[in-house]
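upload_16.txt (compact mmCIF, C-alpha atoms) appears below.
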```txt
# COMPACT_ATOMS: atom_id res chain seq x y z
CA MET A 186 0.00 0.00 0.00
CA LEU A 187 1.25 3.48 -0.82
CA VAL A 188 0.58 6.08 1.86
CA ALA A 189 0.96 9.77 1.00
CA VAL A 190 1.50 12.00 4.04
CA ALA A 191 0.92 15.69 3.30
CA VAL A 192 3.35 18.20 4.83
CA PHE A 193 2.38 21.84 5.38
CA PRO A 194 4.45 24.64 6.92
CA GLY A 195 3.98 24.00 10.65
CA THR A 196 3.12 20.30 10.34
CA ASN A 197 5.06 18.39 13.00
CA CYS A 198 3.72 14.82 13.05
CA GLU A 199 4.68 13.75 9.53
CA ILE A 200 7.75 11.74 10.62
CA ASP A 201 5.83 9.92 13.38
CA THR A 202 3.08 9.12 10.89
CA LYS A 203 5.60 7.87 8.31
CA TYR A 204 7.34 5.77 10.96
CA ALA A 205 4.04 4.24 12.08
CA PHE A 206 2.95 3.14 8.61
CA GLU A 207 6.45 1.92 7.74
CA LYS A 208 6.44 -0.16 10.91
CA LEU A 209 3.26 -1.72 9.55
CA GLY A 210 5.19 -2.60 6.40
CA GLN A 211 3.78 0.06 4.09
CA GLU A 212 5.47 2.39 1.64
CA VAL A 213 5.20 6.03 2.71
CA VAL A 214 5.88 9.20 0.73
CA LEU A 215 5.92 12.68 2.23
CA VAL A 216 4.18 15.14 -0.10
CA PHE A 217 4.93 18.85 0.18
CA HIS A 218 1.99 21.28 0.27
CA LYS A 219 3.09 22.97 -2.96
CA GLU A 220 2.70 19.77 -4.97
CA GLU A 221 -0.38 19.76 -7.18
CA LYS A 222 -0.62 16.00 -7.58
CA LEU A 223 -0.56 13.00 -5.30
CA PRO A 224 1.99 10.28 -6.12
CA GLU A 225 0.81 7.81 -8.76
CA GLY A 226 -0.89 4.85 -7.10
CA THR A 227 -1.64 6.51 -3.77
CA ASP A 228 -3.92 4.23 -1.70
CA LEU A 229 -4.28 6.40 1.40
CA VAL A 230 -3.71 10.09 2.09
CA VAL A 231 -2.88 11.08 5.67
CA LEU A 232 -3.17 14.68 6.80
CA PRO A 233 -0.96 14.65 9.90
CA GLY A 234 -0.97 16.69 13.09
CA GLY A 235 0.76 19.97 13.77
CA PHE A 236 0.04 23.65 13.45
CA SER A 237 -0.26 24.29 9.73
CA TYR A 238 0.35 27.94 8.85
CA GLY A 239 0.77 28.68 12.57
CA ASP A 240 -2.92 27.97 13.10
CA TYR A 241 -3.44 31.61 12.13
CA LEU A 242 -7.03 32.81 11.69
CA ARG A 243 -8.43 29.38 12.74
CA SER A 244 -6.80 25.98 12.96
CA ALA A 245 -6.34 24.63 9.43
CA ALA A 246 -8.23 27.55 7.84
CA ILE A 247 -5.35 28.41 5.51
CA ALA A 248 -4.09 24.88 4.81
CA LYS A 249 -7.27 24.02 2.96
CA PHE A 250 -6.23 26.33 0.10
CA SER A 251 -2.81 24.70 -0.41
CA PRO A 252 -2.24 23.27 -3.91
CA ILE A 253 -1.97 19.73 -2.51
CA MET A 254 -5.36 20.06 -0.81
CA LYS A 255 -7.09 20.45 -4.18
CA ALA A 256 -5.62 17.08 -5.15
CA VAL A 257 -6.65 15.60 -1.78
CA ILE A 258 -10.23 16.88 -2.15
CA ASP A 259 -10.45 15.42 -5.69
CA PHE A 260 -8.99 12.13 -4.41
CA ALA A 261 -11.58 12.01 -1.60
CA ASN A 262 -14.45 12.89 -3.91
CA GLN A 263 -13.45 10.00 -6.16
CA GLY A 264 -13.68 7.61 -3.22
CA GLY A 265 -9.99 7.67 -2.21
CA LYS A 266 -9.28 7.01 1.47
CA VAL A 267 -8.22 10.00 3.56
CA LEU A 268 -7.29 10.03 7.24
CA GLY A 269 -6.95 13.33 9.13
CA ILE A 270 -5.27 13.24 12.51
CA CYS A 271 -5.58 16.24 14.86
CA ASN A 272 -4.69 19.25 12.66
CA GLY A 273 -5.57 16.98 9.74
CA PHE A 274 -9.06 16.45 11.19
CA GLN A 275 -9.38 20.23 11.46
CA MET A 276 -8.38 20.52 7.77
CA LEU A 277 -11.07 18.02 6.77
CA VAL A 278 -13.84 19.96 8.53
CA GLU A 279 -12.51 23.29 7.22
CA ALA A 280 -12.47 21.84 3.71
CA ARG A 281 -16.03 20.52 4.34
CA LEU A 282 -14.99 16.95 3.56
CA LEU A 283 -16.33 16.20 7.04
CA PRO A 284 -19.31 17.90 8.69
CA GLY A 285 -19.13 20.15 11.75
CA ALA A 286 -16.48 22.57 12.97
CA MET A 287 -13.70 22.74 15.53
CA LYS A 288 -13.65 25.16 18.46
CA ARG A 289 -11.25 26.09 21.26
CA ASN A 290 -11.22 23.52 24.05
CA GLU A 291 -13.90 24.28 26.60
CA ASN A 292 -11.32 24.87 29.37
CA VAL A 293 -9.28 27.08 26.98
CA HIS A 294 -6.12 25.04 27.72
CA PHE A 295 -3.94 23.04 25.37
CA ILE A 296 -4.42 19.41 26.48
CA SER A 297 -1.62 16.88 26.02
CA GLN A 298 -2.18 13.51 27.70
CA PHE A 299 -3.16 9.91 27.16
CA HIS A 300 -6.93 9.54 26.92
CA HIS A 301 -9.25 6.57 26.63
CA LEU A 302 -11.52 6.30 23.63
CA LYS A 303 -14.51 4.07 23.07
CA VAL A 304 -15.17 2.55 19.65
CA ILE A 305 -18.72 3.48 18.64
CA ALA A 306 -18.80 2.14 15.07
CA ASN A 307 -16.55 -0.38 13.31
CA ASP A 308 -18.48 -0.90 10.08
CA ASN A 309 -15.85 1.13 8.25
CA THR A 310 -12.34 0.64 6.88
CA PHE A 311 -10.55 2.51 9.66
CA LEU A 312 -11.85 0.71 12.74
CA GLN A 313 -12.72 -2.68 11.22
CA LYS A 314 -10.08 -4.39 13.41
CA CYS A 315 -11.59 -2.95 16.61
CA SER A 316 -14.82 -4.09 18.25
CA VAL A 317 -17.73 -1.83 19.15
CA GLY A 318 -17.43 -0.75 22.79
CA GLU A 319 -13.71 -1.56 22.89
CA LEU A 320 -11.55 0.93 24.81
CA LEU A 321 -8.36 2.31 23.29
CA ASN A 322 -5.69 4.35 25.09
CA VAL A 323 -4.29 6.98 22.74
CA PRO A 324 -2.60 10.36 23.25
CA ILE A 325 -4.42 13.62 22.56
CA ALA A 326 -2.61 16.94 22.06
CA HIS A 327 -4.69 19.91 20.97
CA GLY A 328 -5.96 23.36 21.88
CA GLU A 329 -8.79 23.54 19.36
CA GLY A 330 -10.38 20.12 19.47
CA SER A 331 -13.87 20.83 20.67
CA PHE A 332 -15.98 19.25 17.95
CA TYR A 333 -19.18 21.14 17.18
CA ILE A 334 -22.13 20.08 15.05
CA ASP A 335 -25.77 21.14 15.17
CA GLU A 336 -28.51 18.78 16.34
CA ALA A 337 -29.71 17.79 12.88
CA GLY A 338 -26.15 17.06 11.78
CA LEU A 339 -25.52 14.99 14.89
CA LYS A 340 -28.62 12.87 14.28
CA GLU A 341 -27.44 12.21 10.75
CA LEU A 342 -23.99 11.16 12.01
CA TYR A 343 -25.51 8.59 14.37
CA ALA A 344 -28.06 7.33 11.86
CA ASN A 345 -25.32 6.49 9.37
CA HIS A 346 -22.77 5.17 11.91
CA GLN A 347 -20.41 8.09 11.29
CA VAL A 348 -19.57 8.68 14.95
CA LEU A 349 -16.45 6.52 15.30
CA LEU A 350 -14.92 7.28 18.68
CA THR A 351 -15.83 9.07 21.90
CA TYR A 352 -13.71 10.19 24.86
CA THR A 353 -14.15 8.11 28.01
CA ASN A 354 -12.34 7.24 31.23
CA GLU A 355 -10.54 3.90 31.69
CA LYS A 356 -13.86 2.25 32.62
CA GLY A 357 -15.57 3.40 29.45
CA ASP A 358 -17.74 6.08 31.08
CA VAL A 359 -18.02 9.42 29.29
CA GLN A 360 -15.15 11.76 30.15
CA ASN A 361 -15.08 14.80 27.91
CA PRO A 362 -11.70 16.58 27.88
CA ASN A 363 -12.51 19.43 25.50
CA GLY A 364 -16.25 20.05 25.38
CA SER A 365 -16.89 18.19 22.12
CA VAL A 366 -20.57 17.57 21.31
CA ASP A 367 -21.45 14.13 22.77
CA SER A 368 -17.76 13.71 23.69
CA ILE A 369 -17.00 12.87 20.04
CA ALA A 370 -13.33 12.22 19.24
CA GLY A 371 -13.58 10.99 15.66
CA ILE A 372 -16.02 10.79 12.75
CA CYS A 373 -16.17 9.78 9.09
CA ASN A 374 -18.05 11.10 6.07
CA HIS A 375 -21.26 9.65 4.69
CA ALA A 376 -19.45 7.53 2.08
CA LYS A 377 -17.05 6.25 4.79
CA ASN A 378 -13.85 6.98 2.91
CA VAL A 379 -12.83 10.14 4.81
CA PHE A 380 -11.90 9.78 8.48
CA GLY A 381 -10.96 12.38 11.07
CA LEU A 382 -9.97 12.13 14.72
CA MET A 383 -8.28 14.43 17.23
CA PRO A 384 -6.31 11.66 19.06
CA HIS A 385 -2.96 10.47 17.68
CA PRO A 386 -2.97 6.73 16.85
CA GLU A 387 0.51 7.14 15.28
CA ARG A 388 1.83 7.98 18.75
CA ALA A 389 0.42 4.77 20.22
CA ILE A 390 2.18 2.04 18.27
CA GLU A 391 4.75 0.78 20.78
CA LYS A 392 4.16 -0.48 24.33
CA ILE A 393 7.43 1.11 25.45
CA LEU A 394 5.87 4.51 24.69
CA GLY A 395 2.78 3.79 26.75
CA SER A 396 0.38 2.07 24.36
CA ASP A 397 0.20 0.18 21.10
CA ASP A 398 -3.55 0.54 20.71
CA GLY A 399 -2.98 2.70 17.63
CA VAL A 400 -1.68 -0.30 15.67
CA LYS A 401 -5.04 -2.01 15.21
CA MET A 402 -6.56 1.35 14.26
CA LEU A 403 -4.07 2.06 11.50
CA GLU A 404 -4.07 -1.60 10.43
CA GLY A 405 -7.68 -1.12 9.32
CA PHE A 406 -6.36 0.60 6.20
CA LEU A 407 -4.03 -2.25 5.27
CA ASN A 408 -6.41 -4.42 3.25
CA MET B 175 -10.67 51.81 1.21
CA LYS B 176 -10.65 50.45 4.74
CA VAL B 177 -13.04 47.66 5.58
CA ILE B 178 -13.51 46.19 9.03
CA VAL B 179 -14.70 42.61 9.43
CA ASN B 180 -15.93 41.56 12.87
CA ILE B 181 -16.21 37.83 13.48
CA GLN B 182 -18.00 36.23 16.40
CA LEU B 183 -19.16 32.80 17.41
CA LYS B 184 -22.85 32.39 16.59
CA ASN B 185 -25.40 32.88 19.33
CA GLY B 186 -25.91 29.58 21.05
CA VAL B 187 -22.37 28.37 20.31
CA LEU B 188 -20.52 28.29 23.62
CA ASP B 189 -17.61 30.76 23.73
CA PRO B 190 -15.04 29.28 26.14
CA GLN B 191 -12.72 32.30 25.95
CA GLY B 192 -15.58 34.67 26.74
CA LYS B 193 -16.58 32.45 29.63
CA ALA B 194 -13.05 32.41 31.05
CA VAL B 195 -12.76 36.20 30.80
CA HIS B 196 -16.20 36.63 32.36
CA HIS B 197 -15.06 34.45 35.25
CA ALA B 198 -11.90 36.56 35.67
CA LEU B 199 -13.92 39.81 35.63
CA SER B 200 -16.24 38.37 38.27
CA SER B 201 -13.30 37.50 40.49
CA LEU B 202 -12.15 41.13 40.13
CA LYS B 203 -15.60 42.09 41.50
CA PHE B 204 -16.98 43.50 38.24
CA ASP B 205 -20.30 42.00 39.19
CA GLU B 206 -22.28 44.10 36.71
CA VAL B 207 -20.99 42.03 33.76
CA ASN B 208 -23.76 39.74 32.51
CA ASP B 209 -21.96 38.07 29.64
CA VAL B 210 -18.70 38.21 27.68
CA ARG B 211 -18.29 37.16 24.05
CA ILE B 212 -14.90 37.33 22.34
CA GLY B 213 -14.53 37.75 18.62
CA LYS B 214 -11.88 38.92 16.23
CA GLN B 215 -11.50 41.96 14.06
CA ILE B 216 -9.84 41.92 10.66
CA ILE B 217 -8.99 45.27 9.09
CA LEU B 218 -8.59 45.19 5.33
CA ASP B 219 -7.25 47.89 3.06
CA ILE B 220 -8.59 47.18 -0.41
CA ALA B 221 -8.12 48.82 -3.78
CA GLU B 222 -11.78 49.54 -4.49
CA SER B 223 -13.64 52.84 -4.22
CA ASP B 224 -17.17 51.55 -4.74
CA LYS B 225 -18.68 50.57 -1.39
CA ALA B 226 -21.23 48.15 -2.81
CA LYS B 227 -18.57 46.35 -4.84
CA ALA B 228 -16.23 46.25 -1.85
CA HIS B 229 -19.03 44.80 0.28
CA GLU B 230 -19.68 42.12 -2.28
CA ARG B 231 -16.00 41.12 -2.51
CA VAL B 232 -15.45 41.11 1.26
CA THR B 233 -18.57 38.96 1.72
CA ILE B 234 -16.98 36.35 -0.56
CA MET B 235 -13.71 36.63 1.40
CA CYS B 236 -15.61 36.00 4.64
CA ASP B 237 -17.48 33.00 3.30
CA GLU B 238 -14.40 31.43 1.72
CA LEU B 239 -11.75 32.09 4.34
CA LEU B 240 -12.14 34.74 7.02
CA ALA B 241 -15.08 33.16 8.89
CA ASN B 242 -16.16 29.58 9.40
CA THR B 243 -19.88 30.03 8.84
CA VAL B 244 -20.69 26.72 10.53
CA ILE B 245 -19.95 28.34 13.90
CA GLU B 246 -19.24 32.03 13.21
CA ASP B 247 -21.18 35.13 12.15
CA TYR B 248 -19.55 38.19 10.65
CA THR B 249 -20.34 41.85 10.06
CA ILE B 250 -18.74 44.16 7.50
CA GLU B 251 -18.21 47.83 8.36
CA PHE B 252 -16.86 50.84 6.53
CA PRO B 253 -15.23 53.17 9.04
CA ALA B 254 -15.52 56.91 8.45
CA CYS B 255 -12.03 58.13 7.67
```

What would the structure in this file look like if it were written as C-alpha cells?
Amino acid sequence: MLVAVAVFPGTNCEIDTKYAFEKLGQEVVLVFHKEEKLPEGTDLVVLPGGFSYGDYLRSAAIAKFSPIMKAVIDFANQGGKVLGICNGFQMLVEARLLPGAMKRNENVHFISQFHHLKVIANDNTFLQKCSVGELLNVPIAHGEGSFYIDEAGLKELYANHQVLLTYTNEKGDVQNPNGSVDSIAGICNHAKNVFGLMPHPERAIEKILGSDDGVKMLEGFLN
Amino acid sequence: MKVIVNIQLKNGVLDPQGKAVHHALSSLKFDEVNDVRIGKQIILDIAESDKAKAHERVTIMCDELLANTVIEDYTIEFPAC
C-alpha cells in the first residue's frame, strides 16, 4: 500500500506518521503542500498533526487552500481514502470533507495527555479491526479540538454510523476533555472513505511509549 | 478603502474564551458584567472605491476564508475616515 503524508508549513507529526505506517510494512511518501498532484498509485492520504500555517485565523483555515489540498479533495471525492489526525481532522472539517467545525477547548487550555476512547462504530475501513465498545488508550494533544455540530447534523452522524470514537475514562464512562458535542473524538463522512480524529494513533504504536492501541486502528487501512 | 470585518461565534455556540474572561472579571468584582463574548477583528485595506462592490467582494472573502460560517457570524463595516 502506498501512503501519502501531506506536509504543510507547521506540520510536526509527519515523521511519526511515516514511521508508524512503515512499521506496519507500508510504503510512505511525504508530499509537500506545494505539490499539485498525489503520487501515482496513492492508496491512502494522511493529513498529519501539527500547526499548519501557525494555526493563524483558525486551525487549518489556511491549509485548505494549499495546492496539494485540491488534489486531496479530488482524491476524496473520487472515493480515495483519507485520514486526518488532529490538525488533519481540522483541515477536513474546514475543507467541508467532514461535517461540523472545531472550536477552542472548553477549558481554553492546550491538552496533552493519554486519553481513553470508546469505539462506537466499526463498520468502516478505519476501525474494522476494533470491536464496538472496545476501549483504546491513545494520546491527545490539541488546543482547538472541541468538535461542534448542530442537532440535525448529529442525528445524521448517528443514523449512518459516522460517529467513530468518543472520549471516556478507563472504565468506558463518558469523560469529555474538550467540550466536544457528545464527547465525540472521531467521525467519518457519509461515504465512509474520509476519516478524522483528534487523538494520535501514530503515537500509540509501541508499548514502550505507553500504548500500542494505535496499531489495530491504522491496520484497518491495510487491506 | 478600509473595511472592518468583525467575526464572532454564533449565538448559542458556547464561547469558552468569553466564559473564562467573564469568570476573571467576576473574580475582580466587576459583578455588573452579565456576559462576555470574544470575537476577532480583521482590518482590510482594499483597492476599491465603490462601497457596494467592496461589500460584495469582502462577503466572498468572509465565506471562503475569514469566517467559518458553521460556527461564526460576521459583520462588515466601513469606518468613516

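Relative to CA of Val190 in chain A, CA of Lys222 in chain A is found at 12.5 Å.
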
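If you take all atoms listed in the file and a cut-off of 7 Å, the residues of chain B that reach chain A are Pro190, Gln191, Leu239, Val244 and Ile245 of chain B.
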
**Request:** Figure out the distance between CA of Glu246 in chain B and CA of Val187 in chain B, please, to one decimal in Å.
**Result:** 8.6 Å

So for range 188-193 of chain B, what box centre and size do we get, axis-aligned, 6 Å extra on each of the six sides, every listed atom, Å to one decimal, as lines of an AutoDock Vina configuration file?
```
center_x = -16.6
center_y = 31.5
center_z = 26.6
size_x = 19.8
size_y = 18.4
size_z = 18.0
```

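Near Ile296 in chain A, within 12 Å and counting only C-alpha atoms, sit Arg289, Asn290, Glu291, Pro324, Ile325, Ala326, His327, Gly328, Glu329, Gly330, Ser331, Asn361, Pro362, Asn363, Gly364, Met383 and Pro384 of chain A, not including residues fewer than 5 positions from it in the same chain.
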
Neighbours of Val210 in chain B within 12 Å (only C-alpha atoms; same-chain residues fewer than 4 positions away dropped), as a PDB file with C-alpha atoms, keeping the file's coordinate frame?
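See around_23.pdb below for the written result:
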```
ATOM      1  CA  GLN B 182     -18.000  36.230  16.400  1.00  0.00           C
ATOM      2  CA  LEU B 183     -19.160  32.800  17.410  1.00  0.00           C
ATOM      3  CA  ASN B 185     -25.400  32.880  19.330  1.00  0.00           C
ATOM      4  CA  LEU B 188     -20.520  28.290  23.620  1.00  0.00           C
ATOM      5  CA  ASP B 189     -17.610  30.760  23.730  1.00  0.00           C
ATOM      6  CA  PRO B 190     -15.040  29.280  26.140  1.00  0.00           C
ATOM      7  CA  GLN B 191     -12.720  32.300  25.950  1.00  0.00           C
ATOM      8  CA  GLY B 192     -15.580  34.670  26.740  1.00  0.00           C
ATOM      9  CA  LYS B 193     -16.580  32.450  29.630  1.00  0.00           C
ATOM     10  CA  ALA B 194     -13.050  32.410  31.050  1.00  0.00           C
ATOM     11  CA  VAL B 195     -12.760  36.200  30.800  1.00  0.00           C
ATOM     12  CA  HIS B 196     -16.200  36.630  32.360  1.00  0.00           C
ATOM     13  CA  HIS B 197     -15.060  34.450  35.250  1.00  0.00           C
ATOM     14  CA  ALA B 198     -11.900  36.560  35.670  1.00  0.00           C
ATOM     15  CA  LEU B 199     -13.920  39.810  35.630  1.00  0.00           C
ATOM     16  CA  SER B 200     -16.240  38.370  38.270  1.00  0.00           C
ATOM     17  CA  PHE B 204     -16.980  43.500  38.240  1.00  0.00           C
ATOM     18  CA  GLU B 206     -22.280  44.100  36.710  1.00  0.00           C
TER      19      GLU B 206
END
```

**Message:** Quick check, in Å to one decimal: how far apart do CA of Ala306 in chain A and CA of Gly264 in chain A lie?
**Reply:**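 Spanning CA of Ala306 in chain A to CA of Gly264 in chain A is a straight-line distance of 19.8 Å.
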
**Non-local contacts of Glu199 in chain A (9 Å; all atoms listed in the file; under 4 positions in same chain excluded) as number ranges by chain** = A: 190-192, 203-204, 215, 231-235

Write the residues of the selection above to a file with C-alpha atoms, as a PDB file, keeping the file's coordinate frame.
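Output contents, as saved in out16.pdb:
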```pdb
ATOM      1  CA  VAL A 190       1.500  12.000   4.040  1.00  0.00           C
ATOM      2  CA  ALA A 191       0.920  15.690   3.300  1.00  0.00           C
ATOM      3  CA  VAL A 192       3.350  18.200   4.830  1.00  0.00           C
ATOM      4  CA  LYS A 203       5.600   7.870   8.310  1.00  0.00           C
ATOM      5  CA  TYR A 204       7.340   5.770  10.960  1.00  0.00           C
ATOM      6  CA  LEU A 215       5.920  12.680   2.230  1.00  0.00           C
ATOM      7  CA  VAL A 231      -2.880  11.080   5.670  1.00  0.00           C
ATOM      8  CA  LEU A 232      -3.170  14.680   6.800  1.00  0.00           C
ATOM      9  CA  PRO A 233      -0.960  14.650   9.900  1.00  0.00           C
ATOM     10  CA  GLY A 234      -0.970  16.690  13.090  1.00  0.00           C
ATOM     11  CA  GLY A 235       0.760  19.970  13.770  1.00  0.00           C
TER      12      GLY A 235
END
```

**Request:** Tell me, as a PyMOL selection string, which residues lie within 7 Å of Glu251 in chain B, counting all atoms listed in the file; anything in the same chain fewer than 4 positions away does not count.
**Result:** chain B and resi 177-179

Got time to write the residues from that selection, C-alpha atoms, as a short mmCIF file (atom, residue, chain, number, x, y, z; two decimals), in the coordinates of the input?
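Result went into part_20.cif, see below:
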```cif
data_model
loop_
_atom_site.label_atom_id
_atom_site.label_comp_id
_atom_site.auth_asym_id
_atom_site.auth_seq_id
_atom_site.Cartn_x
_atom_site.Cartn_y
_atom_site.Cartn_z
CA VAL B 177 -13.04 47.66 5.58
CA ILE B 178 -13.51 46.19 9.03
CA VAL B 179 -14.70 42.61 9.43
#
```

**Message:** Can you pull out the residues contacting Ala228 in chain B? Cut-off 12 Å, using all atoms listed in the file, and skip same-chain residues under 4 positions away; I want them as JSON, numbers by chain.
**Reply:** {"B": [175, 176, 177, 178, 179, 218, 219, 220, 221, 222, 223, 224, 232, 233, 234, 235, 250, 251, 252]}

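The closest residue to Gln263 in chain A, picked from A:Asn354, A:Ser396, A:Ser244, A:Asn378 and counting only C-alpha atoms, is A:Asn378.
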